[in-house]
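Working notes, structure below.
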Amino acid sequence: MSEAKELPFGVEGAGDVSALLLRPAEAKWLLVLGHGAGAGMHHPFMSQLAGELTGVGVATLRYQFPYMEERRKVPDRSAVLTATVVAAVRAAAKAAPGLPLLAGGKSMGGRMTSQAAAEQPLEGVCGLVFFGFPLHPPNRPGTKRAEHLAKVTVPMLFLQGTRDTLADLKLLRPICAKMKERATLHVIETADHSFHVLKKSGRSDEEVMRELAETTAGWAEGK
């Protein structure tokens, strides 16, 4: 596997944050990848996902949000989070000018990416990828968090588990259907918000991680 390269960048009004660029020799895309609310870019999920994506020709730029960089528990204000997404996209474009860009992330990282893209198109980004879009708080179904998606102008890929308590599929399916060709929903049976699957599924978490990567690469190729 390729070695990750440290690539810190600055966020306006919030200082510098850490980032890791993992680029395979035969990369076809570069995915700018934000972490979830409770764990940073070094979380095993983020590391394993980046590794699996490398295997299917997708480079990644994982980065920290300022609160995680400063080891604070409470996430930054939305404006700071979206500004970090914008800065990360710019850093990625500068680091790999020849690669088409995708952007997204795990849970909150994905939602902040879509919010940033709804406010203003992310320069050079061809599509957004959500690894567990947090449609609502745990076990509190609602759709308010999805209202901004109508303003996103690029294709979106939603990777969701059937046991995800932060995304009731009965609510998410019609949201994706309403966006028609702009939204693709890929459902993973028995997976929860962390993409852990039940033993009865007959599958391992490693196989699911590989599916996330392969689905992302296939979707990117077919856009």
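Numbering starts fresh at 1 for the residues of each chain in the structure tokens, the chains themselves are lettered A, B, ... in the order given, and ligands are numbered from 1 as they appear.
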**Study point:** Shell of 8 Å around Leu101 of chain A, only C-alpha atoms, local chain residues under 6 positions omitted, as a PyMOL selection string
**Key:** chain A and resi 29-32+92-93+124-127
Can I get the selected residues back with C-alpha atoms, as an mmCIF file, in the first residue's frame?
```cif
data_model
loop_
_atom_site.group_PDB
_atom_site.id
_atom_site.type_symbol
_atom_site.label_atom_id
_atom_site.label_comp_id
_atom_site.auth_asym_id
_atom_site.auth_seq_id
_atom_site.Cartn_x
_atom_site.Cartn_y
_atom_site.Cartn_z
ATOM 1 C CA TRP A 29 -10.021 9.957 -8.449
ATOM 2 C CA LEU A 30 -9.240 11.850 -5.259
ATOM 3 C CA LEU A 31 -11.849 11.741 -2.501
ATOM 4 C CA VAL A 32 -11.722 14.530 0.092
ATOM 5 C CA ALA A 92 -6.613 18.449 -2.478
ATOM 6 C CA ALA A 93 -6.803 20.210 -5.834
ATOM 7 C CA GLY A 124 -13.566 20.995 -9.163
ATOM 8 C CA VAL A 125 -15.717 18.482 -7.243
ATOM 9 C CA CYS A 126 -17.616 16.093 -9.542
ATOM 10 C CA GLY A 127 -19.684 14.283 -6.922
#
```
Point to revise | Contacts of segment 139-151 of chain A at 8 Å (only C-alpha atoms; same-chain gap of 4+ positions) as JSON, numbers by chain | key: {"A": [114, 115, 117, 118, 119, 134, 135, 165, 166, 167, 168, 171, 175, 179]}
Neighbouring residues of Ala19 of chain A were defined as those with any atom within 9 Å, considering only C-alpha atoms; residues of the same chain fewer than 5 positions away were excluded. Please report them as a PDB file with N, CA, C and O atoms, in the first residue's frame.
```pdb
ATOM      1  N   LYS A   5       0.903  10.685   3.091  1.00  0.00           N
ATOM      2  CA  LYS A   5       1.740  11.878   3.163  1.00  0.00           C
ATOM      3  C   LYS A   5       1.019  12.953   3.966  1.00  0.00           C
ATOM      4  O   LYS A   5      -0.142  13.251   3.713  1.00  0.00           O
ATOM      5  N   GLU A   6       1.699  13.524   4.942  1.00  0.00           N
ATOM      6  CA  GLU A   6       1.097  14.588   5.739  1.00  0.00           C
ATOM      7  C   GLU A   6       0.933  15.838   4.882  1.00  0.00           C
ATOM      8  O   GLU A   6       1.860  16.239   4.173  1.00  0.00           O
ATOM      9  N   LEU A   7      -0.254  16.426   4.957  1.00  0.00           N
ATOM     10  CA  LEU A   7      -0.549  17.578   4.105  1.00  0.00           C
ATOM     11  C   LEU A   7      -1.412  18.584   4.873  1.00  0.00           C
ATOM     12  O   LEU A   7      -2.583  18.794   4.544  1.00  0.00           O
ATOM     13  N   PRO A   8      -0.864  19.218   5.913  1.00  0.00           N
ATOM     14  CA  PRO A   8      -1.654  20.182   6.683  1.00  0.00           C
ATOM     15  C   PRO A   8      -2.066  21.380   5.828  1.00  0.00           C
ATOM     16  O   PRO A   8      -1.398  21.730   4.858  1.00  0.00           O
ATOM     17  N   PHE A   9      -3.188  21.987   6.204  1.00  0.00           N
ATOM     18  CA  PHE A   9      -3.649  23.178   5.476  1.00  0.00           C
ATOM     19  C   PHE A   9      -4.331  24.124   6.456  1.00  0.00           C
ATOM     20  O   PHE A   9      -4.712  23.737   7.571  1.00  0.00           O
ATOM     21  N   MET A  41      -9.607  11.668  11.915  1.00  0.00           N
ATOM     22  CA  MET A  41      -9.181  11.005  10.687  1.00  0.00           C
ATOM     23  C   MET A  41      -8.358   9.747  10.936  1.00  0.00           C
ATOM     24  O   MET A  41      -8.158   8.947  10.029  1.00  0.00           O
ATOM     25  N   LEU A  61      -7.876  12.220   0.649  1.00  0.00           N
ATOM     26  CA  LEU A  61      -7.304  13.235   1.531  1.00  0.00           C
ATOM     27  C   LEU A  61      -8.190  13.262   2.769  1.00  0.00           C
ATOM     28  O   LEU A  61      -9.304  13.783   2.745  1.00  0.00           O
ATOM     29  N   ARG A  62      -7.686  12.644   3.847  1.00  0.00           N
ATOM     30  CA  ARG A  62      -8.398  12.676   5.128  1.00  0.00           C
ATOM     31  C   ARG A  62      -7.921  13.903   5.891  1.00  0.00           C
ATOM     32  O   ARG A  62      -6.730  14.234   5.868  1.00  0.00           O
ATOM     33  N   TYR A  63      -8.830  14.551   6.599  1.00  0.00           N
ATOM     34  CA  TYR A  63      -8.441  15.763   7.303  1.00  0.00           C
ATOM     35  C   TYR A  63      -9.191  15.886   8.621  1.00  0.00           C
ATOM     36  O   TYR A  63     -10.217  15.243   8.846  1.00  0.00           O
ATOM     37  N   GLN A  64      -8.654  16.723   9.502  1.00  0.00           N
ATOM     38  CA  GLN A  64      -9.271  16.983  10.793  1.00  0.00           C
ATOM     39  C   GLN A  64     -10.092  18.270  10.734  1.00  0.00           C
ATOM     40  O   GLN A  64      -9.686  19.238  10.077  1.00  0.00           O
ATOM     41  N   ALA A  88     -10.229  22.103   2.573  1.00  0.00           N
ATOM     42  CA  ALA A  88      -9.715  20.763   2.276  1.00  0.00           C
ATOM     43  C   ALA A  88      -9.787  20.469   0.777  1.00  0.00           C
ATOM     44  O   ALA A  88      -8.861  19.879   0.207  1.00  0.00           O
TER      45      ALA A  88
END
```
Practice item. List every residue of segment 1-221 of chain A that DSSP, applied to the backbone of this structure, assigns to helix (DSSP H, G or I), and report them as a ChimeraX atom specification. Key: /A:44-55,66-69,78-95,108-119,144-151,169-178,180-182,199-201,205-221
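Taking only C-alpha atoms into account, Ala25 of chain A lies nearest to A:Leu99 out of the set A:Val74, A:Leu99, A:Leu212, A:Val11.
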With a distance cut-off of 7 Å and only C-alpha atoms, select the neighbouring residues of Gly34 of chain A, excluding the residue or stretch itself and same-chain residues fewer than 5 positions from it, and output the selection as an mmCIF file with N, CA and C atoms, in the first residue's frame.
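So the final result, stored in around-v4.cif, reads:
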```
data_model
loop_
_atom_site.group_PDB
_atom_site.id
_atom_site.type_symbol
_atom_site.label_atom_id
_atom_site.label_comp_id
_atom_site.auth_asym_id
_atom_site.auth_seq_id
_atom_site.Cartn_x
_atom_site.Cartn_y
_atom_site.Cartn_z
ATOM 1 N N ARG A 62 -7.686 12.644 3.847
ATOM 2 C CA ARG A 62 -8.398 12.676 5.128
ATOM 3 C C ARG A 62 -7.921 13.903 5.891
ATOM 4 N N TYR A 63 -8.830 14.551 6.599
ATOM 5 C CA TYR A 63 -8.441 15.763 7.303
ATOM 6 C C TYR A 63 -9.191 15.886 8.621
ATOM 7 N N GLY A 104 -16.738 14.201 0.460
ATOM 8 C CA GLY A 104 -17.763 13.614 1.314
ATOM 9 C C GLY A 104 -17.182 13.222 2.643
ATOM 10 N N GLY A 105 -17.713 12.162 3.228
ATOM 11 C CA GLY A 105 -17.174 11.732 4.503
ATOM 12 C C GLY A 105 -18.089 10.821 5.262
ATOM 13 N N LYS A 106 -17.624 10.486 6.470
ATOM 14 C CA LYS A 106 -18.375 9.640 7.385
ATOM 15 C C LYS A 106 -19.318 10.508 8.199
ATOM 16 N N GLY A 109 -19.055 14.376 8.688
ATOM 17 C CA GLY A 109 -18.151 14.849 7.642
ATOM 18 C C GLY A 109 -18.830 14.907 6.287
ATOM 19 N N GLY A 110 -19.701 13.944 6.023
ATOM 20 C CA GLY A 110 -20.453 13.951 4.778
ATOM 21 C C GLY A 110 -21.507 15.047 4.755
#
```
Practice item. Skip segment 44-49 of chain A itself and residues of its chain fewer than 3 positions away, then list as a PyMOL selection string all residues within 7 Å of it, counting only C-alpha atoms. Key: chain A and resi 41+52-53+209+213
Keeping only N, CA and C atoms, take the residues you just selected and write them out as a compact mmCIF listing (two decimals), in the first residue's frame.
```txt
# COMPACT_ATOMS: atom_id res chain seq x y z
N MET A 41 -9.61 11.67 11.92
CA MET A 41 -9.18 11.01 10.69
C MET A 41 -8.36 9.75 10.94
N GLU A 52 -8.92 0.62 1.64
CA GLU A 52 -9.75 -0.09 0.66
C GLU A 52 -9.94 0.74 -0.60
N LEU A 53 -10.11 2.03 -0.44
CA LEU A 53 -10.28 2.91 -1.61
C LEU A 53 -9.02 2.93 -2.46
N MET A 209 -16.50 -3.18 4.18
CA MET A 209 -15.60 -2.07 3.86
C MET A 209 -15.17 -2.14 2.40
N ALA A 213 -15.89 0.63 -0.74
CA ALA A 213 -14.88 1.15 -1.66
C ALA A 213 -15.22 0.82 -3.11
```
Exercise for review: Kindly give the distance, in Å, that separates atom CA of Ala116 of chain A and atom CA of Glu26 of chain A, rounded to a single decimal.
Suggested key: 29.1 Å
Review point. What does the distance from atom CA of Ala79 of chain A to atom CA of Phe131 of chain A come to in Å, to one decimal?
Key: 21.5 Å
Exercise for review: Between A:Ala50, A:Ala96, A:Ala59, A:Val17, single out the one closest to Arg71 of chain A, counting only C-alpha atoms.
Suggested key: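 Ranked by minimum distance to Arg71 of chain A, first place goes to A:Val17.
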Practice item. Extract, using only C-alpha atoms, all DNA, RNA and protein residues at most 7 Å from Ser201 of chain A, discarding same-chain residues fewer than 3 positions from it, and format them as number ranges by chain. Key: A: 190, 197-198
Residues of the last selection are to be written out with N, CA, C and O atoms, as a PDB file, in the first residue's frame.
```pdb
ATOM      1  N   THR A 190     -28.293  -5.222   7.120  1.00  0.00           N
ATOM      2  CA  THR A 190     -27.939  -5.424   8.541  1.00  0.00           C
ATOM      3  C   THR A 190     -26.802  -4.524   9.038  1.00  0.00           C
ATOM      4  O   THR A 190     -26.392  -4.626  10.189  1.00  0.00           O
ATOM      5  N   VAL A 197     -21.975  -5.340  10.605  1.00  0.00           N
ATOM      6  CA  VAL A 197     -23.101  -6.180  10.177  1.00  0.00           C
ATOM      7  C   VAL A 197     -23.335  -7.307  11.165  1.00  0.00           C
ATOM      8  O   VAL A 197     -22.428  -7.720  11.903  1.00  0.00           O
ATOM      9  N   LEU A 198     -24.556  -7.818  11.183  1.00  0.00           N
ATOM     10  CA  LEU A 198     -24.901  -8.936  12.056  1.00  0.00           C
ATOM     11  C   LEU A 198     -24.287 -10.232  11.539  1.00  0.00           C
ATOM     12  O   LEU A 198     -24.096 -10.411  10.335  1.00  0.00           O
TER      13      LEU A 198
END
```
**Study point:** chain A: residues DSSP assigns to strand (DSSP E), reported as a VMD selection string
**Key:** chain A and resid 5 to 6 9 to 11 15 to 17 19 to 22 29 to 34 58 to 63 101 to 106 125 to 131 156 to 161 183 to 188
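For the choices A:Ala87, A:Thr113, A:Thr54, A:Glu70, the atom-to-atom distance to Gly36 of chain A is smallest for A:Thr113 when using only C-alpha atoms.
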Would you list the contacts of Leu185 of chain A as a short mmCIF file (atom, residue, chain, number, x, y, z; two decimals) with all heavy atoms, in the first residue's frame, taking every protein, DNA or RNA residue within 9 Å and counting only C-alpha atoms, but skipping same-chain residues closer than 4 positions in sequence?
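See out-v3.cif below for the written result:
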```cif
data_model
loop_
_atom_site.label_atom_id
_atom_site.label_comp_id
_atom_site.auth_asym_id
_atom_site.auth_seq_id
_atom_site.Cartn_x
_atom_site.Cartn_y
_atom_site.Cartn_z
N MET A 156 -24.78 12.61 -6.11
CA MET A 156 -24.50 12.19 -4.73
C MET A 156 -24.71 10.70 -4.58
O MET A 156 -25.66 10.14 -5.12
CB MET A 156 -25.43 12.94 -3.76
CG MET A 156 -25.16 14.42 -3.65
SD MET A 156 -26.45 15.30 -2.72
CE MET A 156 -27.69 15.55 -4.02
N LEU A 157 -23.81 10.07 -3.82
CA LEU A 157 -23.92 8.65 -3.51
C LEU A 157 -24.13 8.48 -2.01
O LEU A 157 -23.31 8.93 -1.20
CB LEU A 157 -22.64 7.91 -3.93
CG LEU A 157 -22.53 6.43 -3.50
CD1 LEU A 157 -23.64 5.59 -4.12
CD2 LEU A 157 -21.16 5.87 -3.85
N PHE A 158 -25.25 7.85 -1.64
CA PHE A 158 -25.57 7.57 -0.23
C PHE A 158 -25.31 6.09 0.04
O PHE A 158 -25.97 5.23 -0.55
CB PHE A 158 -27.03 7.88 0.06
CG PHE A 158 -27.39 9.34 -0.05
CD1 PHE A 158 -27.61 9.92 -1.31
CD2 PHE A 158 -27.53 10.12 1.07
CE1 PHE A 158 -27.95 11.26 -1.41
CE2 PHE A 158 -27.88 11.47 0.97
CZ PHE A 158 -28.09 12.04 -0.28
N LEU A 159 -24.39 5.79 0.92
CA LEU A 159 -24.11 4.42 1.34
C LEU A 159 -24.67 4.26 2.75
O LEU A 159 -24.20 4.89 3.69
CB LEU A 159 -22.60 4.16 1.32
CG LEU A 159 -21.97 4.29 -0.08
CD1 LEU A 159 -20.63 4.98 -0.01
CD2 LEU A 159 -21.83 2.92 -0.73
N GLN A 160 -25.70 3.43 2.88
CA GLN A 160 -26.45 3.37 4.14
C GLN A 160 -26.72 1.93 4.57
O GLN A 160 -26.97 1.07 3.72
CB GLN A 160 -27.80 4.08 3.98
CG GLN A 160 -27.72 5.53 3.53
CD GLN A 160 -27.23 6.49 4.59
OE1 GLN A 160 -26.67 7.54 4.28
NE2 GLN A 160 -27.44 6.16 5.85
N LEU A 172 -35.35 8.30 3.99
CA LEU A 172 -34.26 8.60 3.05
C LEU A 172 -34.58 8.17 1.63
O LEU A 172 -34.22 8.88 0.67
CB LEU A 172 -32.96 7.94 3.52
CG LEU A 172 -31.71 8.29 2.73
CD1 LEU A 172 -31.44 9.79 2.73
CD2 LEU A 172 -30.48 7.54 3.29
N ARG A 173 -35.26 7.06 1.47
CA ARG A 173 -35.56 6.58 0.11
C ARG A 173 -36.34 7.62 -0.71
O ARG A 173 -35.96 7.92 -1.85
CB ARG A 173 -36.33 5.26 0.17
CG ARG A 173 -35.49 4.06 0.57
CD ARG A 173 -36.31 2.78 0.47
NE ARG A 173 -35.67 1.64 1.10
CZ ARG A 173 -34.74 0.89 0.53
NH1 ARG A 173 -34.34 1.18 -0.70
NH2 ARG A 173 -34.20 -0.13 1.17
N CYS A 176 -34.12 10.60 -1.76
CA CYS A 176 -33.25 10.28 -2.89
C CYS A 176 -34.05 10.17 -4.19
O CYS A 176 -33.61 10.64 -5.24
CB CYS A 176 -32.50 8.97 -2.62
SG CYS A 176 -31.24 9.10 -1.33
N ALA A 177 -35.23 9.56 -4.10
CA ALA A 177 -36.07 9.40 -5.30
C ALA A 177 -36.46 10.76 -5.87
O ALA A 177 -36.51 10.95 -7.09
CB ALA A 177 -37.30 8.58 -4.97
#
```
Practice item. In Å, rounded to a single decimal, give me how far atom CA of Gly161 of chain A is from atom CA of Val187 of chain A. Key: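 Between these atoms lies a distance of 5.6 Å.
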